[in-house]
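*Asks:* Here it is: the structure, laid out below.
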Amino acid sequence: MDQPVLKAQIMDGQGMSRALTRIAHEIIERNEGASKIALVGIVRRGAAIAPLLANEIEKIEGVRPPVGTLDVSFYRDDVSRKIAPVEFGTDIPFGVDDRDIVLVDDVLYTGRTIRAALDALIDLGRPKTVQLAVMIDRGHRELPIRADYVGKNVPSSHEEDVRVTIAPYDEVNAVEIWTRPTEKNGGDR
């Protein structure tokens, strides 16, 4: 089977940092400050982005919002198709009731991960509002979900993967587009 091929790097670490700063400003403006919000990063890379976003909010506002992580493994609608989903665990060290929650993820694609995150979050309580911040929105939605805060819109084809690499999972912070092999050139789909 052919391996995916790097097509382009569309953001480097500095570009991601600028996007996070802009998103932080937008969150503060929309919520009239940072005192009533909490960030919840979706495991895995959303959980790595959320503390970086909290750092940016703290630099601007002088208040660091609480940060938690949300594992949606068992809330996904495709969980029955997988042999055994990997469970990473949810860690939300604050109550979600009556709070403005900003879900944080790396790439918004079909919307199914966000739907699962909403289900998981509602099982923990009843937030006042739920907002969505993503580093990349690549389109191709299958559900009526949209992000409130977007680092970059990246139109892409279904044959491409848009990957956010970020510490501690990866060596560098970047956003890359990879092409997948297709049946036309011998790859499986």
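In the structure tokens, chains take letters A, B, ... by order of appearance, with residues numbered from 1 within each chain and ligands from 1 in the order shown.
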Check which residues of segment 35-91 of chain A sit at most 8 Å from segment 102-122 of chain A using only C-alpha atoms, and return one row each with the closest pair of atoms and their distance in Å to one decimal, ordered by chain and rising number, as a tab-separated table.

*Replies:*
residue	atom	partner	partner_atom	distance
A:Ile37	CA	A:Val102	CA	7.1
A:Ala38	CA	A:Val102	CA	6.2
A:Leu39	CA	A:Val102	CA	4.8
A:Val40	CA	A:Leu103	CA	4.9
A:Gly41	CA	A:Val104	CA	4.6
A:Ile42	CA	A:Asp105	CA	5.5
A:Arg45	CA	A:Asp106	CA	5.9
A:Gly46	CA	A:Asp105	CA	3.8
A:Ala47	CA	A:Val104	CA	7.2
A:Ile49	CA	A:Val104	CA	7.1
A:Ala50	CA	A:Val104	CA	5.9
A:Leu70	CA	A:Ala117	CA	7.2
A:Asp71	CA	A:Ala117	CA	7.8
A:Val72	CA	A:Ala117	CA	5.6
A:Tyr75	CA	A:Ala116	CA	4.9
A:Arg76	CA	A:Ala116	CA	5.2
A:Asp77	CA	A:Ala116	CA	7.5

*Asks:* Of the candidates A:Val150, A:Val162, A:Met135, A:Pro127, which shows the shortest atom-to-atom distance to Gly13 of chain A, using only C-alpha atoms?

*Replies:*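 Going through A:Val150, A:Val162, A:Met135, A:Pro127 one by one, the smallest distance to Gly13 of chain A is for A:Met135.
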
*Asks:* Which residue is closest to Glu29 of chain A? Choose from A:Tyr149, A:Leu52, A:Val130, A:Phe74 and count only C-alpha atoms.

*Replies:*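 Using only C-alpha atoms, Glu29 of chain A sits closest to A:Tyr149.
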
*Asks:* Excluding same-chain residues fewer than 3 positions from Ile23 of chain A, what lies within 8 Å of it counting only C-alpha atoms, as number ranges by chain?

*Replies:* A: 19-20, 26-27, 53, 133, 149-151

*Asks:* Which polymer residues have any atom within 12 Å of an atom of Glu61 of chain A, counting only C-alpha atoms, with same-chain residues fewer than 5 positions away left out, as an NGL selection string?

*Replies:* :A and (21 or 24-29 or 31-35 or 54-56)

*Asks:* Could you write out that same residue set with C-alpha atoms as a PDB file, in the first residue's frame?

*Replies:*
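Written file, part_27.pdb:
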ATOM      1  CA  THR A  21      -3.467  34.959  19.726  1.00  0.00           C
ATOM      2  CA  ALA A  24      -7.856  34.416  22.224  1.00  0.00           C
ATOM      3  CA  HIS A  25      -8.790  38.032  21.412  1.00  0.00           C
ATOM      4  CA  GLU A  26     -12.012  36.885  19.730  1.00  0.00           C
ATOM      5  CA  ILE A  27     -12.986  34.699  22.705  1.00  0.00           C
ATOM      6  CA  ILE A  28     -12.343  37.554  25.151  1.00  0.00           C
ATOM      7  CA  GLU A  29     -14.347  39.997  23.042  1.00  0.00           C
ATOM      8  CA  ASN A  31     -17.442  36.717  26.250  1.00  0.00           C
ATOM      9  CA  GLU A  32     -16.721  40.229  27.582  1.00  0.00           C
ATOM     10  CA  GLY A  33     -13.610  39.000  29.355  1.00  0.00           C
ATOM     11  CA  ALA A  34     -12.268  35.676  30.492  1.00  0.00           C
ATOM     12  CA  SER A  35     -13.622  35.386  34.024  1.00  0.00           C
ATOM     13  CA  ALA A  54      -5.353  29.614  27.911  1.00  0.00           C
ATOM     14  CA  ASN A  55      -1.799  31.045  28.034  1.00  0.00           C
ATOM     15  CA  GLU A  56      -2.708  33.564  25.311  1.00  0.00           C
TER      16      GLU A  56
END

*Asks:* Check the DSSP output for the backbone and give back, as JSON, numbers by chain, the residues of segment 23-66 of chain A in helix (DSSP H, G or I).

*Replies:* {"A": [23, 24, 25, 26, 27, 28, 29, 30, 45, 46, 47, 48, 49, 50, 51, 52, 53, 54, 55, 56, 57, 58, 59, 60, 61]}

*Asks:* With N, CA and C atoms kept, could you save the residues just selected as a short mmCIF file (atom, residue, chain, number, x, y, z; two decimals), in the first residue's frame?

*Replies:*
data_model
loop_
_atom_site.label_atom_id
_atom_site.label_comp_id
_atom_site.auth_asym_id
_atom_site.auth_seq_id
_atom_site.Cartn_x
_atom_site.Cartn_y
_atom_site.Cartn_z
N ILE A 23 -7.48 34.08 18.04
CA ILE A 23 -8.62 33.37 18.62
C ILE A 23 -8.84 33.81 20.07
N ALA A 24 -7.75 33.97 20.83
CA ALA A 24 -7.86 34.42 22.22
C ALA A 24 -8.54 35.78 22.30
N HIS A 25 -8.15 36.71 21.44
CA HIS A 25 -8.79 38.03 21.41
C HIS A 25 -10.28 37.91 21.09
N GLU A 26 -10.62 37.06 20.12
CA GLU A 26 -12.01 36.89 19.73
C GLU A 26 -12.84 36.29 20.87
N ILE A 27 -12.28 35.32 21.58
CA ILE A 27 -12.99 34.70 22.71
C ILE A 27 -13.24 35.74 23.80
N ILE A 28 -12.21 36.52 24.12
CA ILE A 28 -12.34 37.55 25.15
C ILE A 28 -13.40 38.58 24.75
N GLU A 29 -13.38 39.00 23.50
CA GLU A 29 -14.35 40.00 23.04
C GLU A 29 -15.77 39.46 23.10
N ARG A 30 -15.97 38.26 22.60
CA ARG A 30 -17.32 37.69 22.55
C ARG A 30 -17.88 37.44 23.96
N ARG A 45 -5.13 16.17 20.16
CA ARG A 45 -4.46 17.43 19.86
C ARG A 45 -5.23 18.66 20.32
N GLY A 46 -6.54 18.59 20.44
CA GLY A 46 -7.29 19.69 21.03
C GLY A 46 -6.89 19.91 22.48
N ALA A 47 -6.57 18.80 23.16
CA ALA A 47 -6.11 18.88 24.55
C ALA A 47 -4.73 19.52 24.65
N ALA A 48 -3.93 19.44 23.60
CA ALA A 48 -2.62 20.10 23.58
C ALA A 48 -2.76 21.58 23.21
N ILE A 49 -3.76 21.93 22.42
CA ILE A 49 -3.97 23.30 21.99
C ILE A 49 -4.62 24.14 23.11
N ALA A 50 -5.53 23.55 23.87
CA ALA A 50 -6.28 24.29 24.89
C ALA A 50 -5.39 25.03 25.89
N PRO A 51 -4.34 24.41 26.47
CA PRO A 51 -3.49 25.16 27.40
C PRO A 51 -2.74 26.32 26.73
N LEU A 52 -2.38 26.14 25.46
CA LEU A 52 -1.71 27.22 24.73
C LEU A 52 -2.67 28.39 24.55
N LEU A 53 -3.92 28.09 24.27
CA LEU A 53 -4.93 29.13 24.14
C LEU A 53 -5.18 29.81 25.49
N ALA A 54 -5.20 29.04 26.57
CA ALA A 54 -5.35 29.61 27.91
C ALA A 54 -4.19 30.55 28.23
N ASN A 55 -2.97 30.18 27.83
CA ASN A 55 -1.80 31.04 28.03
C ASN A 55 -1.98 32.37 27.32
N GLU A 56 -2.49 32.34 26.08
CA GLU A 56 -2.71 33.56 25.31
C GLU A 56 -3.77 34.43 25.96
N ILE A 57 -4.84 33.82 26.42
CA ILE A 57 -5.91 34.57 27.09
C ILE A 57 -5.36 35.23 28.35
N GLU A 58 -4.53 34.50 29.10
CA GLU A 58 -3.95 35.05 30.32
C GLU A 58 -3.03 36.23 30.03
N LYS A 59 -2.25 36.14 28.94
CA LYS A 59 -1.37 37.26 28.55
C LYS A 59 -2.17 38.52 28.27
N ILE A 60 -3.31 38.36 27.63
CA ILE A 60 -4.12 39.50 27.22
C ILE A 60 -4.96 40.04 28.37
N GLU A 61 -5.61 39.15 29.11
CA GLU A 61 -6.64 39.51 30.08
C GLU A 61 -6.15 39.51 31.52
#

*Asks:* Have a look at A:Val96, A:Val154, A:Ile101, A:Leu143 and name the one nearest to Thr129 of chain A; count only C-alpha atoms.

*Replies:*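 Once distances to Thr129 of chain A are computed over only C-alpha atoms, the minimum belongs to A:Ile101.
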
*Asks:* In Å, how far is it from atom CA of Lys36 of chain A to atom CA of Arg99 of chain A?

*Replies:*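 Separating atom CA of Lys36 of chain A from atom CA of Arg99 of chain A is a distance of 6.4 Å.
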
*Asks:* Could you tell me how far atom CA of Ser73 of chain A sits from atom CA of Asp2 of chain A, in Å to one decimal place?

*Replies:* 28.0 Å

*Asks:* Give me every strand (DSSP E) residue in segment 7-68 of chain A, going by DSSP on the backbone, as JSON, numbers by chain.

*Replies:* {"A": [7, 8, 9, 10, 11, 37, 38, 39, 40, 41, 42, 67, 68]}

*Asks:* Would you put the residues from that selection into a file with N, CA, C and O atoms, as a PDB file, in the first residue's frame?

*Replies:*
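Full text of selection-v6.pdb as output:
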ATOM      1  N   LYS A   7       1.989  17.149   0.885  1.00  0.00           N
ATOM      2  CA  LYS A   7       1.689  18.042  -0.239  1.00  0.00           C
ATOM      3  C   LYS A   7       2.161  19.459   0.061  1.00  0.00           C
ATOM      4  O   LYS A   7       2.761  20.108  -0.787  1.00  0.00           O
ATOM      5  N   ALA A   8       1.868  19.940   1.293  1.00  0.00           N
ATOM      6  CA  ALA A   8       2.245  21.314   1.639  1.00  0.00           C
ATOM      7  C   ALA A   8       2.164  21.523   3.141  1.00  0.00           C
ATOM      8  O   ALA A   8       1.339  20.916   3.818  1.00  0.00           O
ATOM      9  N   GLN A   9       3.026  22.407   3.621  1.00  0.00           N
ATOM     10  CA  GLN A   9       2.887  22.903   4.987  1.00  0.00           C
ATOM     11  C   GLN A   9       2.188  24.249   4.867  1.00  0.00           C
ATOM     12  O   GLN A   9       2.690  25.155   4.214  1.00  0.00           O
ATOM     13  N   ILE A  10       1.014  24.373   5.501  1.00  0.00           N
ATOM     14  CA  ILE A  10       0.244  25.599   5.338  1.00  0.00           C
ATOM     15  C   ILE A  10       0.368  26.533   6.530  1.00  0.00           C
ATOM     16  O   ILE A  10      -0.002  27.699   6.433  1.00  0.00           O
ATOM     17  N   MET A  11       0.869  26.029   7.659  1.00  0.00           N
ATOM     18  CA  MET A  11       1.153  26.878   8.813  1.00  0.00           C
ATOM     19  C   MET A  11       2.367  26.306   9.531  1.00  0.00           C
ATOM     20  O   MET A  11       2.474  25.096   9.689  1.00  0.00           O
ATOM     21  N   ILE A  37     -15.324  31.932  31.509  1.00  0.00           N
ATOM     22  CA  ILE A  37     -15.155  30.860  30.532  1.00  0.00           C
ATOM     23  C   ILE A  37     -14.244  29.762  31.077  1.00  0.00           C
ATOM     24  O   ILE A  37     -13.478  29.972  32.019  1.00  0.00           O
ATOM     25  N   ALA A  38     -14.354  28.602  30.453  1.00  0.00           N
ATOM     26  CA  ALA A  38     -13.438  27.491  30.703  1.00  0.00           C
ATOM     27  C   ALA A  38     -13.165  26.838  29.355  1.00  0.00           C
ATOM     28  O   ALA A  38     -14.034  26.805  28.479  1.00  0.00           O
ATOM     29  N   LEU A  39     -11.950  26.361  29.177  1.00  0.00           N
ATOM     30  CA  LEU A  39     -11.564  25.702  27.931  1.00  0.00           C
ATOM     31  C   LEU A  39     -11.546  24.193  28.148  1.00  0.00           C
ATOM     32  O   LEU A  39     -11.027  23.710  29.159  1.00  0.00           O
ATOM     33  N   VAL A  40     -12.086  23.449  27.189  1.00  0.00           N
ATOM     34  CA  VAL A  40     -12.086  21.999  27.249  1.00  0.00           C
ATOM     35  C   VAL A  40     -11.513  21.487  25.934  1.00  0.00           C
ATOM     36  O   VAL A  40     -12.140  21.616  24.878  1.00  0.00           O
ATOM     37  N   GLY A  41     -10.304  20.936  26.000  1.00  0.00           N
ATOM     38  CA  GLY A  41      -9.640  20.406  24.818  1.00  0.00           C
ATOM     39  C   GLY A  41     -10.063  18.983  24.548  1.00  0.00           C
ATOM     40  O   GLY A  41     -10.090  18.144  25.455  1.00  0.00           O
ATOM     41  N   ILE A  42     -10.401  18.712  23.297  1.00  0.00           N
ATOM     42  CA  ILE A  42     -10.788  17.357  22.905  1.00  0.00           C
ATOM     43  C   ILE A  42      -9.506  16.554  22.698  1.00  0.00           C
ATOM     44  O   ILE A  42      -8.604  16.957  21.960  1.00  0.00           O
ATOM     45  N   VAL A  67      -8.715  24.874  32.457  1.00  0.00           N
ATOM     46  CA  VAL A  67      -8.571  24.029  31.271  1.00  0.00           C
ATOM     47  C   VAL A  67      -8.826  22.581  31.661  1.00  0.00           C
ATOM     48  O   VAL A  67      -8.314  22.100  32.677  1.00  0.00           O
ATOM     49  N   GLY A  68      -9.600  21.899  30.847  1.00  0.00           N
ATOM     50  CA  GLY A  68      -9.847  20.476  31.042  1.00  0.00           C
ATOM     51  C   GLY A  68      -9.674  19.736  29.732  1.00  0.00           C
ATOM     52  O   GLY A  68      -9.486  20.347  28.677  1.00  0.00           O
TER      53      GLY A  68
END

*Asks:* Which is closer to Gly15 of chain A than all the others in A:Arg146, A:Ile136, A:Ala167, A:Thr179, using only C-alpha atoms?

*Replies:*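 Ranking A:Arg146, A:Ile136, A:Ala167, A:Thr179 by distance to Gly15 of chain A, first place goes to A:Ile136.
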
*Asks:* May I ask for the distance between atom CA of Ile177 of chain A and atom CA of Pro144 of chain A, given in Å to one decimal place?

*Replies:*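 Computing the Euclidean distance for atom CA of Ile177 of chain A and atom CA of Pro144 of chain A yields 24.3 Å.
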
*Asks:* Using only C-alpha atoms, which residue out of A:Pro181, A:Thr69, A:Ser17, A:Arg126 lies closest to Gly95 of chain A?

*Replies:*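 Counting only C-alpha atoms, the residue closest to Gly95 of chain A is A:Arg126.
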